[in-house]
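The structure file final.cif is reproduced below (mmCIF, C-alpha atoms, pLDDT in the B column; chains and numbers go by the auth columns).
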data_input
#
loop_
_atom_site.group_PDB
_atom_site.id
_atom_site.type_symbol
_atom_site.label_atom_id
_atom_site.label_comp_id
_atom_site.label_asym_id
_atom_site.label_seq_id
_atom_site.Cartn_x
_atom_site.Cartn_y
_atom_site.Cartn_z
_atom_site.B_iso_or_equiv
_atom_site.auth_seq_id
_atom_site.auth_asym_id
ATOM 1 C CA MET A 1 124.504 -71.360 154.004 52.00 161 A
ATOM 2 C CA ASN A 2 122.804 -68.305 155.302 61.00 162 A
ATOM 3 C CA PRO A 3 123.095 -68.385 159.088 58.00 163 A
ATOM 4 C CA ASP A 4 119.593 -67.067 159.745 77.00 164 A
ATOM 5 C CA ALA A 5 117.884 -69.327 157.226 81.00 165 A
ATOM 6 C CA SER A 6 116.035 -71.180 159.970 87.00 166 A
ATOM 7 C CA ALA A 7 114.823 -67.874 161.404 88.00 167 A
ATOM 8 C CA VAL A 8 113.426 -66.909 158.005 88.00 168 A
ATOM 9 C CA ASP A 9 111.883 -70.351 157.764 88.00 169 A
ATOM 10 C CA ALA A 10 110.156 -69.980 161.124 90.00 170 A
ATOM 11 C CA LEU A 11 108.943 -66.505 160.196 91.00 171 A
ATOM 12 C CA THR A 12 107.463 -67.808 156.934 91.00 172 A
ATOM 13 C CA ASP A 13 105.750 -70.617 158.811 91.00 173 A
ATOM 14 C CA THR A 14 104.299 -68.210 161.337 92.00 174 A
ATOM 15 C CA VAL A 15 103.028 -65.804 158.719 93.00 175 A
ATOM 16 C CA SER A 16 101.388 -68.557 156.698 93.00 176 A
ATOM 17 C CA ALA A 17 99.818 -70.040 159.840 93.00 177 A
ATOM 18 C CA VAL A 18 98.331 -66.642 160.686 94.00 178 A
ATOM 19 C CA PHE A 19 97.066 -66.313 157.106 94.00 179 A
ATOM 20 C CA MET A 20 95.420 -69.720 157.285 93.00 180 A
ATOM 21 C CA VAL A 21 93.677 -69.046 160.578 93.00 181 A
ATOM 22 C CA VAL A 22 92.472 -65.598 159.487 94.00 182 A
ATOM 23 C CA GLY A 23 91.301 -66.987 156.141 93.00 183 A
ATOM 24 C CA ALA A 24 89.322 -69.694 157.911 93.00 184 A
ATOM 25 C CA LEU A 25 87.850 -67.069 160.246 93.00 185 A
ATOM 26 C CA MET A 26 86.571 -65.241 157.163 92.00 186 A
ATOM 27 C CA SER A 27 84.489 -68.310 156.334 93.00 187 A
ATOM 28 C CA LEU A 28 83.173 -68.410 159.876 93.00 188 A
ATOM 29 C CA ALA A 29 82.297 -64.710 159.680 93.00 189 A
ATOM 30 C CA ALA A 30 80.388 -65.352 156.470 93.00 190 A
ATOM 31 C CA ALA A 31 78.432 -68.175 158.082 93.00 191 A
ATOM 32 C CA VAL A 32 77.585 -66.027 161.111 93.00 192 A
ATOM 33 C CA GLY A 33 76.511 -63.218 158.801 93.00 193 A
ATOM 34 C CA LEU A 34 74.356 -65.590 156.775 92.00 194 A
ATOM 35 C CA LEU A 35 72.614 -66.755 159.901 92.00 195 A
ATOM 36 C CA ARG A 36 72.116 -63.410 161.608 92.00 196 A
ATOM 37 C CA PHE A 37 71.567 -60.736 158.963 90.00 197 A
ATOM 38 C CA PRO A 38 67.953 -59.835 158.244 87.00 198 A
ATOM 39 C CA ASP A 39 67.651 -59.773 154.461 87.00 199 A
ATOM 40 C CA LEU A 40 69.275 -60.890 151.243 87.00 200 A
ATOM 41 C CA MET A 41 71.351 -57.787 150.602 87.00 201 A
ATOM 42 C CA SER A 42 73.038 -57.879 154.009 88.00 202 A
ATOM 43 C CA ARG A 43 73.678 -61.582 153.613 90.00 203 A
ATOM 44 C CA MET A 44 75.329 -60.915 150.260 90.00 204 A
ATOM 45 C CA HIS A 45 77.619 -58.449 152.003 91.00 205 A
ATOM 46 C CA ALA A 46 78.690 -61.154 154.432 90.00 206 A
ATOM 47 C CA ALA A 47 79.059 -63.796 151.724 90.00 207 A
ATOM 48 C CA THR A 48 81.772 -61.934 149.830 90.00 208 A
ATOM 49 C CA LYS A 49 84.321 -62.177 152.648 89.00 209 A
ATOM 50 C CA PRO A 50 85.542 -65.740 152.123 90.00 210 A
ATOM 51 C CA GLN A 51 85.150 -65.499 148.364 91.00 211 A
ATOM 52 C CA VAL A 52 87.698 -62.705 147.895 91.00 212 A
ATOM 53 C CA LEU A 53 89.733 -61.927 151.006 92.00 213 A
ATOM 54 C CA GLY A 54 89.598 -65.415 152.487 92.00 214 A
ATOM 55 C CA LEU A 55 90.709 -67.028 149.245 93.00 215 A
ATOM 56 C CA PHE A 56 93.497 -64.463 148.899 94.00 216 A
ATOM 57 C CA LEU A 57 94.849 -65.183 152.375 94.00 217 A
ATOM 58 C CA LEU A 58 94.722 -68.940 151.901 94.00 218 A
ATOM 59 C CA LEU A 59 96.396 -68.844 148.496 93.00 219 A
ATOM 60 C CA ALA A 60 99.123 -66.651 149.995 93.00 220 A
ATOM 61 C CA ALA A 61 99.549 -69.257 152.729 93.00 221 A
ATOM 62 C CA VAL A 62 99.941 -71.977 150.083 93.00 222 A
ATOM 63 C CA GLY A 63 102.553 -69.912 148.270 93.00 223 A
ATOM 64 C CA LEU A 64 104.471 -69.239 151.459 92.00 224 A
ATOM 65 C CA GLN A 65 104.429 -72.882 152.505 91.00 225 A
ATOM 66 C CA LEU A 66 105.665 -74.228 149.186 90.00 226 A
ATOM 67 C CA ARG A 67 108.640 -71.814 149.125 86.00 227 A
ATOM 68 C CA THR A 68 108.942 -71.716 145.362 88.00 228 A
ATOM 69 C CA TRP A 69 108.470 -68.807 143.013 89.00 229 A
ATOM 70 C CA TRP A 70 106.877 -70.576 140.078 90.00 230 A
ATOM 71 C CA VAL A 71 103.728 -71.401 142.031 91.00 231 A
ATOM 72 C CA TRP A 72 102.748 -67.766 142.551 92.00 232 A
ATOM 73 C CA PRO A 73 101.481 -67.169 138.972 93.00 233 A
ATOM 74 C CA ALA A 74 99.155 -70.175 139.207 91.00 234 A
ATOM 75 C CA LEU A 75 97.811 -68.946 142.542 92.00 235 A
ATOM 76 C CA PHE A 76 97.391 -65.490 141.062 93.00 236 A
ATOM 77 C CA VAL A 77 95.396 -66.979 138.178 92.00 237 A
ATOM 78 C CA ALA A 78 93.073 -68.743 140.623 91.00 238 A
ATOM 79 C CA TRP A 79 92.519 -65.539 142.570 92.00 239 A
ATOM 80 C CA ILE A 80 92.063 -63.283 139.555 93.00 240 A
ATOM 81 C CA PHE A 81 89.410 -65.572 138.081 93.00 241 A
ATOM 82 C CA GLN A 82 87.594 -65.551 141.404 92.00 242 A
ATOM 83 C CA VAL A 83 87.713 -61.759 141.487 93.00 243 A
ATOM 84 C CA LEU A 84 86.402 -61.609 137.926 93.00 244 A
ATOM 85 C CA THR A 85 83.499 -64.028 138.366 92.00 245 A
ATOM 86 C CA VAL A 86 82.237 -63.240 141.868 92.00 246 A
ATOM 87 C CA PRO A 87 80.862 -59.784 140.932 92.00 247 A
ATOM 88 C CA VAL A 88 78.905 -61.337 138.057 92.00 248 A
ATOM 89 C CA SER A 89 76.987 -63.693 140.306 91.00 249 A
ATOM 90 C CA ALA A 90 76.626 -61.026 142.995 91.00 250 A
ATOM 91 C CA HIS A 91 75.144 -58.646 140.428 91.00 251 A
ATOM 92 C CA MET A 92 72.651 -61.213 139.175 90.00 252 A
ATOM 93 C CA VAL A 93 71.624 -62.354 142.644 89.00 253 A
ATOM 94 C CA GLY A 94 71.279 -58.780 143.892 88.00 254 A
ATOM 95 C CA ARG A 95 69.186 -57.761 140.929 87.00 255 A
ATOM 96 C CA ALA A 96 66.929 -60.770 141.235 88.00 256 A
ATOM 97 C CA GLY A 97 66.632 -60.083 144.948 86.00 257 A
ATOM 98 C CA TYR A 98 65.585 -56.506 144.272 85.00 258 A
ATOM 99 C CA ARG A 99 63.070 -57.652 141.670 81.00 259 A
ATOM 100 C CA THR A 100 61.512 -60.227 143.930 82.00 260 A
ATOM 101 C CA LYS A 101 61.505 -57.749 146.846 78.00 261 A
ATOM 102 C CA HIS A 102 63.772 -59.735 149.118 75.00 262 A
ATOM 103 C CA LEU A 103 64.936 -56.621 150.876 77.00 263 A
ATOM 104 C CA HIS A 104 63.970 -54.284 153.649 79.00 264 A
ATOM 105 C CA LYS A 105 63.500 -50.862 152.080 78.00 265 A
ATOM 106 C CA GLU A 106 63.891 -49.122 155.402 77.00 266 A
ATOM 107 C CA LEU A 107 67.433 -50.463 155.757 78.00 267 A
ATOM 108 C CA LEU A 108 68.639 -48.930 152.492 80.00 268 A
ATOM 109 C CA THR A 109 70.475 -45.622 152.536 80.00 269 A
ATOM 110 C CA ALA A 110 70.292 -45.117 148.776 80.00 270 A
ATOM 111 C CA ASP A 111 68.121 -46.779 146.151 81.00 271 A
ATOM 112 C CA GLU A 112 69.253 -45.812 142.677 80.00 272 A
ATOM 113 C CA LEU A 113 67.409 -48.634 140.974 80.00 273 A
ATOM 114 C CA GLU A 114 63.941 -47.518 142.069 82.00 274 A
ATOM 115 C CA ALA A 115 63.693 -44.656 139.550 83.00 275 A
ATOM 116 C CA VAL A 116 64.681 -46.980 136.694 82.00 276 A
ATOM 117 C CA VAL A 117 62.155 -49.583 137.749 81.00 277 A
ATOM 118 C CA LEU A 118 59.328 -47.041 138.050 84.00 278 A
ATOM 119 C CA LYS A 119 60.132 -45.530 134.657 86.00 279 A
ATOM 120 C CA SER A 120 60.166 -48.930 133.032 83.00 280 A
ATOM 121 C CA ALA A 121 56.852 -49.853 134.656 84.00 281 A
ATOM 122 C CA ASP A 122 55.313 -46.598 133.384 87.00 282 A
ATOM 123 C CA LYS A 123 56.536 -47.303 129.877 87.00 283 A
ATOM 124 C CA LYS A 124 55.142 -50.789 129.987 86.00 284 A
ATOM 125 C CA ALA A 125 51.752 -49.548 131.186 87.00 285 A
ATOM 126 C CA ALA A 126 51.675 -46.967 128.363 88.00 286 A
ATOM 127 C CA ASP A 127 52.489 -49.682 125.844 87.00 287 A
ATOM 128 C CA LEU A 128 49.685 -51.845 127.152 87.00 288 A
ATOM 129 C CA ARG A 129 47.219 -48.942 126.945 86.00 289 A
ATOM 130 C CA ALA A 130 48.226 -48.195 123.371 85.00 290 A
ATOM 131 C CA LYS A 131 47.780 -51.805 122.417 81.00 291 A
ATOM 132 C CA GLY A 132 44.430 -52.032 124.205 76.00 292 A
ATOM 133 C CA ASN A 133 43.028 -49.003 122.312 70.00 293 A
ATOM 134 C CA GLY A 134 43.762 -50.680 119.022 58.00 294 A
ATOM 135 C CA ARG A 135 46.064 -47.962 117.761 52.00 295 A
ATOM 136 C CA MET A 136 49.149 -49.134 115.964 53.00 296 A
ATOM 137 C CA PRO A 137 48.255 -52.803 115.960 51.00 297 A
ATOM 138 C CA GLY A 138 51.418 -53.747 114.109 50.00 298 A
ATOM 139 C CA GLU A 139 53.600 -52.013 116.620 48.00 299 A
ATOM 140 C CA LYS A 140 56.349 -54.221 117.814 49.00 300 A
ATOM 141 C CA ARG A 141 56.203 -54.649 121.533 50.00 301 A
ATOM 142 C CA LYS A 142 58.979 -52.750 123.105 48.00 302 A
ATOM 143 C CA THR A 143 61.546 -54.963 124.719 47.00 303 A
ATOM 144 C CA ASP A 144 62.064 -53.379 128.056 46.00 304 A
ATOM 145 C CA ASP A 145 65.733 -53.375 128.886 47.00 305 A
ATOM 146 C CA ASP A 146 64.919 -53.239 132.551 46.00 306 A
ATOM 147 C CA GLY A 147 61.416 -54.540 132.383 45.00 307 A
ATOM 148 C CA GLY A 148 59.109 -55.718 135.060 45.00 308 A
ATOM 149 C CA SER A 149 58.731 -59.254 133.826 45.00 309 A
ATOM 150 C CA SER A 150 60.143 -61.802 136.146 45.00 310 A
ATOM 151 C CA VAL A 151 62.777 -63.157 133.797 45.00 311 A
ATOM 152 C CA SER A 152 64.378 -59.899 132.740 43.00 312 A
ATOM 153 C CA VAL A 153 66.353 -59.149 135.818 41.00 313 A
ATOM 154 C CA MET B 1 101.327 -76.799 161.857 82.00 298 B
ATOM 155 C CA GLU B 2 99.197 -79.543 163.418 87.00 299 B
ATOM 156 C CA ILE B 3 97.635 -76.983 165.737 90.00 300 B
ATOM 157 C CA VAL B 4 96.810 -74.766 162.774 91.00 301 B
ATOM 158 C CA LEU B 5 95.282 -77.702 160.941 92.00 302 B
ATOM 159 C CA THR B 6 93.059 -78.551 163.908 93.00 303 B
ATOM 160 C CA MET B 7 91.992 -74.954 164.441 92.00 304 B
ATOM 161 C CA THR B 8 91.113 -74.382 160.804 93.00 305 B
ATOM 162 C CA ALA B 9 89.304 -77.720 160.614 94.00 306 B
ATOM 163 C CA VAL B 10 87.104 -76.749 163.556 95.00 307 B
ATOM 164 C CA ILE B 11 86.485 -73.241 162.199 94.00 308 B
ATOM 165 C CA LEU B 12 85.632 -74.448 158.707 94.00 309 B
ATOM 166 C CA SER B 13 83.348 -77.160 160.058 95.00 310 B
ATOM 167 C CA LEU B 14 81.408 -74.585 162.055 94.00 311 B
ATOM 168 C CA ALA B 15 81.218 -72.316 159.016 94.00 312 B
ATOM 169 C CA ALA B 16 80.008 -75.138 156.786 94.00 313 B
ATOM 170 C CA ALA B 17 77.374 -76.052 159.376 95.00 314 B
ATOM 171 C CA GLY B 18 76.148 -72.459 159.397 93.00 315 B
ATOM 172 C CA ALA B 19 75.946 -72.340 155.621 93.00 316 B
ATOM 173 C CA ILE B 20 74.069 -75.647 155.514 94.00 317 B
ATOM 174 C CA VAL B 21 71.609 -74.381 158.117 94.00 318 B
ATOM 175 C CA ARG B 22 70.977 -71.344 155.939 93.00 319 B
ATOM 176 C CA ILE B 23 70.468 -73.596 152.911 93.00 320 B
ATOM 177 C CA ALA B 24 67.925 -75.609 154.918 93.00 321 B
ATOM 178 C CA VAL B 25 65.915 -72.792 156.483 90.00 322 B
ATOM 179 C CA GLY B 26 66.570 -69.986 153.997 77.00 323 B
ATOM 180 C CA PRO B 27 63.228 -68.366 153.332 83.00 324 B
ATOM 181 C CA SER B 28 63.820 -67.754 149.660 85.00 325 B
ATOM 182 C CA LEU B 29 65.548 -69.457 146.784 87.00 326 B
ATOM 183 C CA LEU B 30 68.115 -66.676 146.504 89.00 327 B
ATOM 184 C CA ASP B 31 69.150 -67.126 150.130 90.00 328 B
ATOM 185 C CA ARG B 32 69.819 -70.779 149.432 91.00 329 B
ATOM 186 C CA VAL B 33 71.830 -69.964 146.321 91.00 330 B
ATOM 187 C CA LEU B 34 73.903 -67.461 148.273 91.00 331 B
ATOM 188 C CA ALA B 35 74.505 -69.955 151.065 92.00 332 B
ATOM 189 C CA SER B 36 75.588 -72.607 148.563 92.00 333 B
ATOM 190 C CA ASP B 37 78.058 -70.087 147.123 92.00 334 B
ATOM 191 C CA VAL B 38 79.466 -69.615 150.610 93.00 335 B
ATOM 192 C CA LEU B 39 79.649 -73.389 151.029 93.00 336 B
ATOM 193 C CA LEU B 40 81.645 -73.570 147.800 93.00 337 B
ATOM 194 C CA ALA B 41 84.013 -70.906 149.117 92.00 338 B
ATOM 195 C CA ILE B 42 84.441 -72.904 152.336 94.00 339 B
ATOM 196 C CA ILE B 43 85.291 -76.032 150.346 94.00 340 B
ATOM 197 C CA GLY B 44 87.848 -74.024 148.368 93.00 341 B
ATOM 198 C CA ALA B 45 89.326 -72.827 151.659 93.00 342 B
ATOM 199 C CA ALA B 46 89.594 -76.425 152.859 93.00 343 B
ATOM 200 C CA LEU B 47 91.405 -77.405 149.646 93.00 344 B
ATOM 201 C CA CYS B 48 93.820 -74.489 150.131 92.00 345 B
ATOM 202 C CA ILE B 49 94.572 -75.462 153.714 93.00 346 B
ATOM 203 C CA ASP B 50 95.176 -79.067 152.694 92.00 347 B
ATOM 204 C CA MET B 51 97.693 -77.885 150.099 92.00 348 B
ATOM 205 C CA ALA B 52 99.402 -75.500 152.509 91.00 349 B
ATOM 206 C CA VAL B 53 99.715 -77.909 155.426 91.00 350 B
ATOM 207 C CA ASN B 54 100.801 -80.947 153.427 91.00 351 B
ATOM 208 C CA ARG B 55 102.843 -78.915 150.929 90.00 352 B
ATOM 209 C CA HIS B 56 101.547 -80.300 147.677 89.00 353 B
ATOM 210 C CA LEU B 57 99.754 -78.813 144.677 90.00 354 B
ATOM 211 C CA ASN B 58 97.312 -81.563 143.779 90.00 355 B
ATOM 212 C CA ASN B 59 94.238 -79.384 144.305 89.00 356 B
ATOM 213 C CA LEU B 60 95.433 -76.314 142.444 90.00 357 B
ATOM 214 C CA MET B 61 93.781 -77.138 139.119 91.00 358 B
ATOM 215 C CA LEU B 62 90.562 -77.988 140.937 92.00 359 B
ATOM 216 C CA LEU B 63 90.715 -74.626 142.679 91.00 360 B
ATOM 217 C CA VAL B 64 91.251 -72.737 139.422 91.00 361 B
ATOM 218 C CA ALA B 65 88.356 -74.598 137.819 92.00 362 B
ATOM 219 C CA LEU B 66 86.141 -73.810 140.816 90.00 363 B
ATOM 220 C CA SER B 67 86.911 -70.122 140.584 89.00 364 B
ATOM 221 C CA ILE B 68 86.245 -70.090 136.828 90.00 365 B
ATOM 222 C CA ILE B 69 82.937 -71.968 136.665 90.00 366 B
ATOM 223 C CA GLY B 70 81.674 -71.641 140.226 87.00 367 B
ATOM 224 C CA PHE B 71 79.548 -68.614 139.457 88.00 368 B
ATOM 225 C CA ILE B 72 77.474 -70.218 136.685 90.00 369 B
ATOM 226 C CA GLY B 73 75.053 -71.942 139.025 88.00 370 B
ATOM 227 C CA SER B 74 74.049 -68.872 140.976 88.00 371 B
ATOM 228 C CA VAL B 75 73.793 -66.793 137.782 89.00 372 B
ATOM 229 C CA THR B 76 71.479 -69.371 136.224 89.00 373 B
ATOM 230 C CA VAL B 77 69.230 -69.584 139.256 88.00 374 B
ATOM 231 C CA ALA B 78 69.115 -65.804 139.653 86.00 375 B
ATOM 232 C CA ARG B 79 68.212 -65.434 135.977 85.00 376 B
ATOM 233 C CA PHE B 80 65.142 -67.613 136.217 84.00 377 B
ATOM 234 C CA VAL B 81 63.903 -66.861 139.703 79.00 378 B
ATOM 235 C CA ALA B 82 60.289 -65.700 139.717 68.00 379 B
ATOM 236 C CA ASP B 83 58.320 -63.605 142.156 63.00 380 B
ATOM 237 C CA ARG B 84 55.556 -65.664 143.686 61.00 381 B
ATOM 238 C CA ARG B 85 55.130 -63.715 146.893 58.00 382 B
ATOM 239 C CA GLU B 86 52.195 -61.600 147.872 54.00 383 B
ATOM 240 C CA GLN B 87 53.934 -59.021 150.039 55.00 384 B
ATOM 241 C CA PRO B 88 57.517 -57.965 150.586 53.00 385 B
ATOM 242 C CA ASN B 89 59.550 -58.033 153.781 53.00 386 B
ATOM 243 C CA GLU B 90 58.666 -61.489 154.916 52.00 387 B
ATOM 244 C CA SER B 91 62.185 -62.821 154.507 51.00 388 B
#
Can I see the file as structure tokens?
Amino acid sequence: MNPDASAVDALTDTVSAVFMVVGALMSLAAAVGLLRFPDLMSRMHAATKPQVLGLFLLLAAVGLQLRTWWVWPALFVAWIFQVLTVPVSAHMVGRAGYRTKHLHKELLTADELEAVVLKSADKKAADLRAKGNGRMPGEKRKTDDDGGSSVSV
Amino acid sequence: MEIVLTMTAVILSLAAAGAIVRIAVGPSLLDRVLASDVLLAIIGAALCIDMAVNRHLNNLMLLVALSIIGFIGSVTVARFVADRREQPNES
């Protein structure tokens, strides 16, 4: 038997305990951010902490506590699916938030979506004018890829 | 390990209370969706801590399933949210 096996054991316990506490603190930080930040975009920034880093720390704590190697791939699968799916929902929520103006423009440092939105609104207005004048009545209405209608976000 | 369990239980309870408050008072639908996502992450954290402290793997499949399909709800709501407000910056 390895003489310092118990020392390694205690070290593993300590590291996993620290991981658990820090991972739980990520959730608390997200809740504080949700309650205190002024608009949707800042709250989204706070909400990602427990979803990615917090879950990583807690899964690492599980792997350290179980002290087997075969559990790490399953934990990795759980984390990698989280990392793959969280940006999808964050993208959709952020886009819908921009569309419905749940943001403070003065807090933004860069707004790369504004030009696209304005261009699309111009195109839509031109389409409406063309249709109103009766020219090209059979013209198929252009499906705006980034249009101003409420559902195409 | 008992001390860690108590500490994390208190921390996660406070975090869940904060998320629920945001779900209750959140001025817009998207705020509520975001807060419910955070609540889901907190529940996943609680499942992880249960597995780590008691050294079992009963919740692992549940956790994988949560991370695979947990985003569908917020995507659906964000897809169909409509703008019914008169002026911006009231959130």
Q) Would you list which chain B residues are within 8 Å of chain A using all atoms listed in the file, as number ranges by chain? A) B: 298, 301, 304-305, 308-309, 311-313, 315-316, 318-319, 327-328, 331-332, 334-335, 338-339, 341-342, 345-346, 348-350, 352-353, 357, 360-361, 364-365, 368-369, 371-372, 375-380, 382, 385-388
Q) In Å, with one decimal, what is the gap from CA of Ser202 (chain A) to CA of Ser310 (chain B)? A)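 Straight-line distance from CA of Ser202 (chain A) to CA of Ser310 (chain B) works out to 22.7 Å.
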Mind giving me the axis-aligned box for region 313-330 of chain B with 3 Å on every side, centre plus edges in Å to one decimal, as AutoDock Vina command-line options?
--center_x 71.6 --center_y -71.4 --center_z 152.9 --size_x 22.8 --size_y 15.4 --size_z 19.1
Q.
I'd like the interatomic distance between CA of Leu213 (chain A) and CA of Leu336 (chain B), to a tenth of an Å.
A.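 Computing the Euclidean distance for CA of Leu213 (chain A) and CA of Leu336 (chain B) yields 15.3 Å.
Counting from CA of Thr172 (chain A), the distance to CA of Trp229 (chain A) is 14.0 Å.
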